[in-house]
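Asks: Take a look at upload.tsv, TSV, C-alpha atoms:
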```tsv
chain	number	residue	atom	x	y	z
A	569	GLY	CA	0.00	0.00	0.00
A	570	ALA	CA	0.99	3.63	-0.32
A	571	GLY	CA	3.17	5.12	2.36
A	572	VAL	CA	3.26	8.64	3.69
A	573	SER	CA	3.80	11.16	0.92
A	574	GLN	CA	4.91	14.76	1.14
A	575	SER	CA	5.01	17.56	-1.36
A	576	PRO	CA	6.93	19.35	-2.60
A	577	SER	CA	10.11	17.35	-2.13
A	578	ASN	CA	12.17	20.52	-2.43
A	579	LYS	CA	11.20	24.13	-2.03
A	580	VAL	CA	13.39	27.19	-2.46
A	581	THR	CA	11.77	30.43	-1.42
A	582	GLU	CA	12.77	34.00	-0.78
A	583	LYS	CA	12.86	35.38	2.71
A	584	GLY	CA	9.52	36.90	3.62
A	585	LYS	CA	7.41	34.67	1.38
A	586	ASP	CA	4.81	32.22	2.68
A	587	VAL	CA	5.15	28.49	2.02
A	588	GLU	CA	2.78	25.59	2.35
A	589	LEU	CA	3.93	22.01	2.85
A	590	ARG	CA	1.64	19.07	2.35
A	591	CYS	CA	1.47	15.64	3.96
A	592	ASP	CA	-0.67	12.70	2.88
A	593	PRO	CA	-0.64	10.11	5.67
A	594	ILE	CA	-1.27	6.41	5.32
A	595	SER	CA	-4.99	5.82	4.91
A	596	GLY	CA	-6.66	5.08	8.22
A	597	HIS	CA	-3.86	6.45	10.38
A	598	THR	CA	-5.43	8.63	13.02
A	599	ALA	CA	-2.28	10.29	14.35
A	600	LEU	CA	-0.15	12.65	12.27
A	601	TYR	CA	3.04	14.41	13.30
A	602	TRP	CA	5.20	17.17	11.88
A	603	TYR	CA	8.91	17.39	12.65
A	604	ARG	CA	11.81	19.35	11.26
A	605	GLN	CA	15.50	18.71	11.14
A	606	SER	CA	17.78	21.68	10.86
A	607	LEU	CA	21.39	21.19	9.81
A	608	GLY	CA	23.31	19.36	12.52
A	609	GLN	CA	20.29	19.05	14.78
A	610	GLY	CA	18.05	16.19	15.82
A	611	LEU	CA	14.45	15.76	14.81
A	612	GLU	CA	12.45	18.58	16.40
A	613	PHE	CA	8.78	17.95	17.17
A	614	LEU	CA	6.46	20.63	15.79
A	615	ILE	CA	2.84	19.52	16.13
A	616	TYR	CA	0.72	16.42	16.45
A	617	PHE	CA	-2.83	15.74	15.23
A	618	GLN	CA	-5.28	13.20	16.52
A	619	GLY	CA	-7.96	13.15	13.86
A	620	ASN	CA	-8.45	16.78	12.87
A	621	SER	CA	-7.59	18.27	16.22
A	622	ALA	CA	-4.14	19.24	17.44
A	623	PRO	CA	-3.84	18.42	21.15
A	624	ASP	CA	-0.17	19.38	21.18
A	625	LYS	CA	1.11	22.42	19.32
A	626	SER	CA	3.90	23.03	21.78
A	627	GLY	CA	6.66	22.52	19.25
A	628	LEU	CA	5.64	25.24	16.81
A	629	PRO	CA	8.57	27.67	16.99
A	630	SER	CA	6.63	30.88	16.43
A	631	ASP	CA	3.23	32.25	15.45
A	632	ARG	CA	4.44	32.28	11.83
A	633	PHE	CA	3.92	28.50	11.85
A	634	SER	CA	0.49	26.94	11.62
A	635	ALA	CA	-0.90	23.58	10.59
A	636	GLU	CA	-4.23	22.09	9.85
A	637	ARG	CA	-5.62	18.69	9.05
A	638	THR	CA	-8.86	18.09	7.23
A	639	GLY	CA	-11.02	15.00	6.92
A	640	GLY	CA	-8.71	13.15	9.25
A	641	SER	CA	-6.32	12.83	6.37
A	642	VAL	CA	-4.23	15.45	4.54
A	643	SER	CA	-2.32	17.98	6.58
A	644	THR	CA	-0.70	21.24	5.56
A	645	LEU	CA	2.02	23.08	7.43
A	646	THR	CA	2.13	26.78	6.60
A	647	ILE	CA	5.06	29.04	7.33
A	648	GLN	CA	4.37	32.74	6.90
A	649	ARG	CA	7.02	35.36	6.25
A	650	THR	CA	9.76	32.76	6.01
A	651	GLN	CA	13.12	33.45	7.60
A	652	GLN	CA	16.49	31.88	6.84
A	653	GLU	CA	16.40	29.96	10.11
A	654	ASP	CA	13.31	28.14	8.80
A	655	SER	CA	15.54	26.28	6.32
A	656	ALA	CA	15.35	22.61	7.24
A	657	VAL	CA	13.96	19.25	6.22
A	658	TYR	CA	10.32	19.04	7.28
A	659	LEU	CA	9.17	15.48	7.96
A	660	CYS	CA	5.67	14.19	8.40
A	661	ALA	CA	4.81	10.90	10.08
A	662	SER	CA	1.59	9.04	10.72
A	663	SER	CA	0.61	6.18	12.98
A	664	LEU	CA	-2.35	3.99	13.67
A	665	GLU	CA	-3.29	5.00	17.19
A	666	TRP	CA	0.01	5.29	19.08
A	667	GLY	CA	3.25	3.41	18.51
A	668	GLU	CA	5.22	2.84	15.36
A	669	GLN	CA	5.47	5.94	13.22
A	670	TYR	CA	5.72	5.82	9.44
A	671	PHE	CA	7.64	8.73	7.99
A	672	GLY	CA	7.32	10.49	4.68
A	673	PRO	CA	10.33	11.40	2.52
A	674	GLY	CA	10.38	14.97	3.77
A	675	THR	CA	10.35	18.42	2.20
A	676	ARG	CA	13.67	20.23	2.03
A	677	LEU	CA	12.97	23.93	2.50
A	678	THR	CA	15.62	26.48	1.64
A	679	VAL	CA	14.99	30.13	2.41
A	680	THR	CA	17.30	32.47	0.51
B	309	ILE	CA	12.60	19.28	29.34
B	310	LEU	CA	13.41	15.66	28.53
B	311	ASN	CA	16.84	15.36	26.91
B	312	VAL	CA	17.72	12.31	24.82
B	313	GLU	CA	21.40	11.83	24.14
B	314	GLN	CA	22.99	9.47	21.68
B	315	SER	CA	26.60	8.42	21.45
B	316	PRO	CA	28.79	8.30	19.59
B	317	GLN	CA	27.75	11.04	17.19
B	318	SER	CA	29.32	9.12	14.31
B	319	LEU	CA	31.51	6.13	13.70
B	320	HIS	CA	33.16	4.19	10.94
B	321	VAL	CA	33.53	0.43	11.13
B	322	GLN	CA	34.90	-2.18	8.78
B	323	GLU	CA	32.57	-4.64	7.07
B	324	GLY	CA	32.12	-7.66	9.33
B	325	ASP	CA	32.76	-5.76	12.56
B	326	SER	CA	30.13	-5.72	15.26
B	327	THR	CA	29.22	-2.39	16.80
B	328	ASN	CA	26.91	-0.79	19.31
B	329	PHE	CA	25.61	2.65	20.19
B	330	THR	CA	23.93	4.17	23.20
B	331	CYS	CA	20.78	6.17	23.83
B	332	SER	CA	20.56	7.86	27.25
B	333	PHE	CA	17.49	9.46	28.79
B	334	PRO	CA	16.15	10.53	32.19
B	335	SER	CA	14.75	7.43	33.90
B	336	SER	CA	11.79	9.36	35.28
B	337	ASN	CA	8.87	10.17	33.00
B	338	PHE	CA	9.47	7.19	30.71
B	339	TYR	CA	6.78	5.47	28.67
B	340	ALA	CA	8.52	3.93	25.66
B	341	LEU	CA	11.69	3.99	23.60
B	342	HIS	CA	11.91	3.77	19.83
B	343	TRP	CA	14.81	3.07	17.50
B	344	TYR	CA	14.72	4.21	13.86
B	345	ARG	CA	17.11	3.79	10.96
B	346	TRP	CA	17.42	6.73	8.57
B	347	GLU	CA	19.24	6.03	5.33
B	348	THR	CA	20.33	8.90	3.14
B	349	ALA	CA	17.60	10.06	0.74
B	350	LYS	CA	15.04	7.80	2.42
B	351	SER	CA	12.48	8.13	5.22
B	352	PRO	CA	13.25	7.09	8.79
B	353	GLU	CA	12.21	3.48	9.29
B	354	ALA	CA	11.08	2.08	12.62
B	355	LEU	CA	13.26	-0.71	14.02
B	356	PHE	CA	12.02	-1.34	17.55
B	357	VAL	CA	9.60	-0.09	20.19
B	358	MET	CA	10.40	-1.06	23.78
B	359	THR	CA	8.53	-0.28	26.95
B	360	LEU	CA	9.61	-2.62	29.75
B	361	ASN	CA	12.82	-2.62	31.74
B	362	GLY	CA	14.95	-5.49	30.49
B	363	ASP	CA	13.23	-5.62	27.10
B	364	GLU	CA	15.33	-7.10	24.34
B	365	LYS	CA	14.34	-6.94	20.68
B	366	LYS	CA	16.01	-8.50	17.64
B	367	LYS	CA	15.59	-8.09	13.91
B	368	GLY	CA	18.11	-10.01	11.85
B	369	ARG	CA	21.59	-8.81	12.79
B	370	ILE	CA	20.28	-5.86	14.78
B	371	SER	CA	19.21	-6.06	18.40
B	372	ALA	CA	18.41	-3.63	21.19
B	373	THR	CA	18.20	-3.67	24.96
B	374	LEU	CA	16.48	-1.35	27.40
B	375	ASN	CA	17.30	-0.36	30.97
B	376	THR	CA	14.67	2.04	32.24
B	377	LYS	CA	16.02	2.15	35.80
B	378	GLU	CA	19.34	3.63	34.74
B	379	GLY	CA	18.00	5.34	31.62
B	380	TYR	CA	19.75	3.82	28.64
B	381	SER	CA	19.26	1.62	25.61
B	382	TYR	CA	21.88	-0.08	23.48
B	383	LEU	CA	21.55	-0.88	19.79
B	384	TYR	CA	23.82	-3.66	18.52
B	385	ILE	CA	24.70	-4.55	14.96
B	386	LYS	CA	26.42	-7.90	14.46
B	387	GLY	CA	28.65	-8.37	11.42
B	388	SER	CA	28.09	-4.89	9.95
B	389	GLN	CA	27.46	-4.65	6.22
B	390	PRO	CA	27.74	-1.59	3.94
B	391	GLU	CA	23.94	-1.51	3.67
B	392	ASP	CA	23.78	-0.87	7.42
B	393	SER	CA	25.26	2.57	6.80
B	394	ALA	CA	22.66	5.03	8.05
B	395	THR	CA	21.80	7.36	10.90
B	396	TYR	CA	20.29	5.50	13.84
B	397	LEU	CA	17.79	7.59	15.77
B	398	CYS	CA	16.51	7.00	19.27
B	399	ALA	CA	13.27	8.57	20.48
B	400	VAL	CA	11.83	8.48	23.98
B	401	SER	CA	8.14	8.87	24.68
B	402	PRO	CA	7.30	10.34	28.10
B	403	GLY	CA	3.68	9.58	27.29
B	404	THR	CA	1.57	8.51	24.37
B	405	TYR	CA	1.72	10.58	21.19
B	406	LYS	CA	4.94	12.31	22.26
B	407	TYR	CA	8.37	11.52	20.82
B	408	ILE	CA	11.60	13.22	21.86
B	409	PHE	CA	14.38	12.39	19.41
B	410	GLY	CA	18.11	12.30	19.97
B	411	THR	CA	20.49	13.70	17.37
B	412	GLY	CA	21.34	10.23	16.09
B	413	THR	CA	24.43	8.14	15.51
B	414	ARG	CA	25.77	8.22	11.96
B	415	LEU	CA	27.22	4.83	11.03
B	416	LYS	CA	29.43	4.26	8.02
B	417	VAL	CA	30.39	0.67	7.22
B	418	LEU	CA	33.47	0.46	5.03
B	419	ALA	CA	33.68	-2.37	2.52
```
Could you spell out this file's structure in structure tokens?
Replies:
Amino acid sequence: GAGVSQSPSNKVTEKGKDVELRCDPISGHTALYWYRQSLGQGLEFLIYFQGNSAPDKSGLPSDRFSAERTGGSVSTLTIQRTQQEDSAVYLCASSLEWGEQYFGPGTRLTVT
Amino acid sequence: ILNVEQSPQSLHVQEGDSTNFTCSFPSSNFYALHWYRWETAKSPEALFVMTLNGDEKKKGRISATLNTKEGYSYLYIKGSQPEDSATYLCAVSPGTYKYIFGTGTRLKVLA
């Protein structure tokens, strides 16, 4: 079956522009997570969805970051007024209930 | 804030060598520990989930142990092969739906 997919795979944007990253989880997976990995850093938790609600948004680094999930499926992570420090690989993962996470291939965001 | 530390940061081993790495975490506030393998240009892949002190898991040449009382887990690779080259990530869950990742151990197996 299809795994977790993310789009775009690469995104180069100018500082100050808004970007939208998309995640398609595995069908039927109720939990969805967003992480990012900046150069030389570990995976940083951003936000987690259970169904369409986000019980834990504690990892969002600033109010420029927002995420939504619709229909218990697709999620979008939006970064407004991008800054150079937003450059990172953004990973999405999904899981059936809690436990083993299945990761997507990531979106590499470069802010110039 | 729960801090997950992995060591070493990176290592090179010769094909056929056995190796191991460590994941350390505070022993309080522990629910589960996860190991992932992240190959270059691929997605992280789950290896093991462990919850109980003394847990041991094995998948082929890779195995892991867990000591929740002292706050560490070891990942072992027996007879390393070039295809084992990857970053090995440890994540600790202080509760359900929460994963705190370490920075990983980058393994390079030389043919």
Asks: When you look at B:Ser326 with a cut-off of 7 Å (counting all atoms listed in the file), what residues show up, excluding the ones that are within fewer than 4 positions of it in the same chain? I need them as a PyMOL selection string.
Replies: chain B and resi 385-388
Asks: Please report the interatomic distance between atom CA of A:Ala635 and atom CA of A:Leu659 in Å with one decimal.
Replies: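 Separating atom CA of A:Ala635 from atom CA of A:Leu659 is a distance of 13.2 Å.
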Asks: Sorted by chain and rising residue number, list the residues of chain A at most 9 Å from chain B (counting all atoms listed in the file), each with its closest atom pair and distance in Å to one decimal, as a Markdown table.
Replies:
```
| residue | atom | partner | partner_atom | distance |
| --- | --- | --- | --- | --- |
| A:Ala599 | CA | B:Tyr405 | CA | 7.9 |
| A:Tyr601 | CA | B:Tyr405 | CA | 8.9 |
| A:Gly608 | CA | B:Thr411 | CA | 8.0 |
| A:Gln609 | CA | B:Thr411 | CA | 5.9 |
| A:Gly610 | CA | B:Thr411 | CA | 3.8 |
| A:Leu611 | CA | B:Phe409 | CA | 5.7 |
| A:Glu612 | CA | B:Phe409 | CA | 7.1 |
| A:Phe613 | CA | B:Ile408 | CA | 7.2 |
| A:Tyr616 | CA | B:Tyr405 | CA | 7.6 |
| A:Gln618 | CA | B:Tyr405 | CA | 8.8 |
| A:Asp624 | CA | B:Lys406 | CA | 8.8 |
| A:Leu659 | CA | B:Ser351 | CA | 8.5 |
| A:Glu665 | CA | B:Tyr405 | CA | 8.5 |
| A:Trp666 | CA | B:Tyr405 | CA | 5.9 |
| A:Gly667 | CA | B:Val357 | CA | 7.4 |
| A:Glu668 | CA | B:Ala354 | CA | 6.5 |
| A:Gln669 | CA | B:Ala354 | CA | 6.8 |
| A:Tyr670 | CA | B:Glu353 | CA | 6.9 |
| A:Phe671 | CA | B:Ser351 | CA | 5.6 |
| A:Gly672 | CA | B:Ser351 | CA | 5.7 |
| A:Pro673 | CA | B:Ser351 | CA | 4.8 |
| A:Gly674 | CA | B:Ser351 | CA | 7.3 |
```
Asks: Between atom CA of B:Leu383 and atom CA of B:Asn328, measure the distance and give it in Å to one decimal.
Replies: 5.4 Å
Asks: Quick one, how far is atom CA of B:Ser318 from atom CA of B:Leu418?
Replies: 13.4 Å
Asks: Pick from B:Thr330, B:Thr359, B:Thr413, B:Ser315: nearest to B:Ser393, with only C-alpha atoms counted?
Replies: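 Closest candidate: B:Thr413.
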Asks: Show me, as lines of an AutoDock Vina configuration file, the centre and edge lengths in Å to one decimal of the axis-aligned box that covers every listed atom of stretch 652-656 of chain A with 4 Å on each side.
Replies:
```
center_x = 14.9
center_y = 27.2
center_z = 8.2
size_x = 11.2
size_y = 17.3
size_z = 11.8
```
Asks: Excluding stretch 593-595 of chain A and residues on its chain fewer than 4 positions from it, collect all residues at most 7 Å away from it, counting all atoms listed in the file, and give them as a VMD selection string.
Replies: chain A and resid 570 to 573 641 to 642 662
Asks: Have a look at A:Gln605, A:Cys660, A:Ser575, A:Phe633 and name the one nearest to A:Phe617; count all atoms listed in the file.
Replies: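 Checking each candidate against A:Phe617, we get A:Cys660 as the closest.
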Asks: Just checking: using all atoms listed in the file, which residue out of A:Thr638, A:Asn620, A:Ser577, A:Ser643 ends up closest to A:Asp592?
Replies: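 Of the candidates, the smallest distance to A:Asp592 is held by A:Ser643.
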